[in-house]
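Report on the following structure.
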Amino acid sequence: MAVVTVAGLSKRYEGSTELAVKEVGFTVADGEFMVLLGPSGCGKSSVLRMIAGLEPITAGTVSIDGRVMNPVPAKDRDIAMVFQSYALYPHMDVYTNLAFGLRRRNVAREEIDRRVRGVAAKLALTPFLTRKPHALSGGQRQRVALGRAIVRDPKVFLFDEPLSNLDAALRVSTRNELIKQQHELGTTTIYVTHDQVEAMTMGDRMCIMNKGEVVQVGRPLELYRSPADTFVARFLGNPPMNLLRGRLEAAGEHPLLRLGGIAFELPDWAAAALGRHLGGEVTVGVRPEDLGESPAHGLEAKAVRLPIRVITVEPLGAETLLLLALQGSDEELIARVGRDTAFRNGDQAAVVLDPAAVHLFDPTTTKAIPRPR
Amino acid sequence: MTLWLAYIRRTPLLLFVLLYTIATGGPFVWVAVMSVRTTPEIFGNPYALPSRFHWDKFTDAWTNSSYGTYFWNSTIVVVTAVALVTVVGAMAAHCLARYRFRGRRLVRFLILSGMVLPPQLLILSLFQIMVDYRLYNSLTGLIIVYVATQLAMTVYILEGFFAQIPQDLFDAARMDGYSDFEIFWRITLPIGVAAIFTTVTLNFIILWNEFLYAVVLMTEDSKRTLPLGIMHFMGGHQLDVGMIATGLMIAILPVMLIYAFFSETMIKGMTAGAVR
């Protein structure tokens, strides 16, 4: 039972003039699964290590249940951490690895035995209790690392890219296992990853970081639907959101968006609320899956037809990716369509787009231009 | 046919190994043979095999020539010095490998500079220091000197090995609630055991055979170590070759035992860094 609050957290590494982490702030509710997501070097691991107490804090505070943790050493924070390398003690067998943290905390021998065996059974590690880590497979090591965190029954779990050393198939099964365990235990969890699929599937909420700063915090689908800037827009989603140059023009109540060779009305935005953007250039974001061969059922009237030229067709089995050139501007964009697409290389055709699926960003600040509610 | 060719091809290698073995093992065997022959026998025919095995020379050397005392002195000095240098060196190596503190490079430079200076250069001032601190002619004094001289090499070997232990292990132990010293004791030492064995073996062999510091700092007969004891048989006018050989065999025995037991771990420890 713990609420973790990070406020104004900054980190400057020795010998560096720049801040690796800049005034990061977020709150993780009790029992919540929070994912810190960002590209490598964005400072997410530094934030995690400062919460853990492994890295001195340059500025700001880390608190658990309202108590400021800055002066509290790592061992007294009641936090367990799972490392990317698993960090299993190579000279101890699995049982001792699991029991190591409990022994230091003066838990009675019988109690340690009960808890270690309980966790081992839960994670299917019972047959391996007497083995050394080098005699385990990657997945088993990962489970021992997880077990070592669970067995301590800490207030907070920290995960530092725990799945990145696993192969693709194992990663999916371990991901599900982790979600299941976290739900059962209900322990507050902070999970660092650069993998957006992990973040989207695991997190109750996610905090996206870039260049040491928090860009956006929210529920996965919320961030996917309304990214705060072009970084989040491109970072979430695979293939990433298409960003195109467009112009907004005044045309009555709703603005007119000029994109490629055509212009269409954006019914979601009010011209009056757009201010300086009206009559200027904007960055237009369109997700690949929002482009289609034919309008979705019921949207026939609203759909806009974008004239394009097909550059390549990439059939992936379940779906097909189309690399397209927008006619009138020659900007490239990717569309994700059904597997039975009629498009062929070199076709001059049109893809349909629902104007409600368009995202607008300020081209200078890269921030999203919000839709009025 | 091919087998025959393989033998031919291997011949130069075998020849080299054979010559090398004769060059290194020959003198050793010769001394071993001499150790069970009397001095007159040896002077009669230096290279002959023993006509009769004089095992009594060993008891004679042990009791009459106070080899027992020398052996005991050597054991006390070397075992204590090796134990101390291992503990102190391992702690220093752990700190240098793990922590980024102010002056770390200077400390490392100063410790390792001990390897650069030849002992002949240090011995004059060291002699004066030992006399001033009343450590001259004392086993304690010799132990301290040995610890100091071997520290550089010990730290050098151990630091290289400890630095390769992943940082995550130390972080994990900190999260598990262990203090810095406990981490050294429960993580660094057990994982670095191969490297520790290496330094223990090397230090033991080097110190067991050490002569220069011992001969300068120990003049009382009852305080002498084994290498000095052997000198005991070298009089001004005569040389008791037979007894010297016996003494050498006694002196060499512990070193051989240590090496036989630890050589494999030692080689593992020395090459651990190279293959990773």
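Residues in the structure tokens are numbered from 1 in each chain, the chains being A, B, ... in the order shown, and ligands are numbered from 1 in the order shown.
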Can you list every residue of chain B that has an atom at most 6 Å from chain A, with its nearest atom pair and the distance in Å to one decimal, using only C-alpha atoms, ordered by chain then number, as CSV?
residue,atom,partner,partner_atom,distance
B:Asp168,CA,A:Ala87,CA,5.4
B:Leu169,CA,A:Ala87,CA,4.9
B:Arg174,CA,A:Lys75,CA,5.8
B:Met175,CA,A:Lys75,CA,5.1
B:Asp176,CA,A:Gly101,CA,4.3
B:Gly177,CA,A:Lys75,CA,4.0
Restricting it to all heavy atoms, dump the selection as a CSV table (one decimal), in the first residue's frame.
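Okay, part_5.csv is ready:
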chain,number,residue,atom,x,y,z
B,168,ASP,N,25.0,-4.0,-11.4
B,168,ASP,CA,23.6,-4.3,-11.0
B,168,ASP,C,23.6,-5.3,-9.8
B,168,ASP,O,22.7,-5.2,-9.0
B,168,ASP,CB,22.9,-5.1,-12.2
B,168,ASP,CG,22.3,-4.1,-13.2
B,168,ASP,OD1,22.5,-2.9,-13.0
B,168,ASP,OD2,21.7,-4.5,-14.2
B,169,LEU,N,24.6,-6.1,-9.7
B,169,LEU,CA,24.6,-7.0,-8.5
B,169,LEU,C,24.7,-6.3,-7.2
B,169,LEU,O,24.1,-6.6,-6.2
B,169,LEU,CB,25.8,-8.0,-8.7
B,169,LEU,CG,25.7,-9.1,-9.6
B,169,LEU,CD1,26.9,-10.0,-9.6
B,169,LEU,CD2,24.5,-10.0,-9.3
B,174,ARG,N,22.1,-3.8,-2.5
B,174,ARG,CA,21.7,-2.6,-1.8
B,174,ARG,C,20.2,-2.6,-1.6
B,174,ARG,O,19.7,-2.3,-0.5
B,174,ARG,CB,22.1,-1.4,-2.5
B,174,ARG,CG,23.5,-0.9,-2.1
B,174,ARG,CD,24.0,0.2,-2.9
B,174,ARG,NE,23.5,1.5,-2.6
B,174,ARG,CZ,23.7,2.6,-3.3
B,174,ARG,NH1,24.4,2.5,-4.5
B,174,ARG,NH2,23.2,3.7,-3.0
B,175,MET,N,19.5,-2.9,-2.6
B,175,MET,CA,18.0,-3.0,-2.5
B,175,MET,C,17.6,-4.1,-1.6
B,175,MET,O,16.5,-4.0,-0.9
B,175,MET,CB,17.4,-3.2,-3.9
B,175,MET,CG,17.7,-2.2,-5.0
B,175,MET,SD,17.1,-0.6,-4.7
B,175,MET,CE,15.3,-0.8,-4.6
B,176,ASP,N,18.3,-5.1,-1.5
B,176,ASP,CA,18.0,-6.2,-0.6
B,176,ASP,C,18.4,-5.9,0.8
B,176,ASP,O,18.1,-6.7,1.7
B,176,ASP,CB,18.8,-7.5,-1.0
B,176,ASP,CG,18.0,-8.4,-1.9
B,176,ASP,OD1,16.7,-8.2,-2.0
B,176,ASP,OD2,18.5,-9.2,-2.6
B,177,GLY,N,19.0,-4.7,1.0
B,177,GLY,CA,19.2,-4.2,2.4
B,177,GLY,C,20.6,-4.4,3.0
B,177,GLY,O,20.8,-4.2,4.1
Handout entry: Contact residues around region 250-258 of chain B with only C-alpha atoms at 12 Å, ignoring same-chain residues under 2 positions, as a ChimeraX atom specification
Key = /B:28,31-32,35-36,57-62,67-68,70-75,78-79,197-198,200-210,225-230,243-248,260-266
Practice task
From a DSSP calculation on the backbone, collect every residue of region 99-318 of chain A in alpha helix (DSSP H) and output the set as a PyMOL selection string.
Solution key: chain A and resi 99-104+109-122+138-150+168-185+196-202+220-225+230-235
Practice task
Can you work out which one of B:Leu5, B:Leu126, B:Arg104, B:Thr24 has the shortest atom-to-atom distance to Thr149 (chain B), counting only C-alpha atoms?
Solution key: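 For Thr149 (chain B), the nearest of the candidates is B:Leu126.
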Exercise for the section: Tell me, in Å to one decimal, how far CA of Val358 (chain A) is from CA of His254 (chain A). Expected result: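 CA of Val358 (chain A) sits 13.9 Å away from CA of His254 (chain A).
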Exercise for the section: Might you pull out every residue within 12 Å of Tyr99 (chain B), with only C-alpha atoms counted and same-chain residues fewer than 3 positions away left off, and present them as a list in words? Expected result: Met91, Ala92, Ala93, His94, Cys95, Leu96, Arg102, Gly103, Arg104, Arg105, Glu159, Phe162, Ala163, Gln167, Phe170, Asp180 and Phe184 of chain B
Handout entry: Interatomic distance (Å, one decimal) between CA of Thr63 (chain B) and CA of Glu220 (chain B)
Key =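 Computed distance, CA of Thr63 (chain B) to CA of Glu220 (chain B), equals 17.8 Å.
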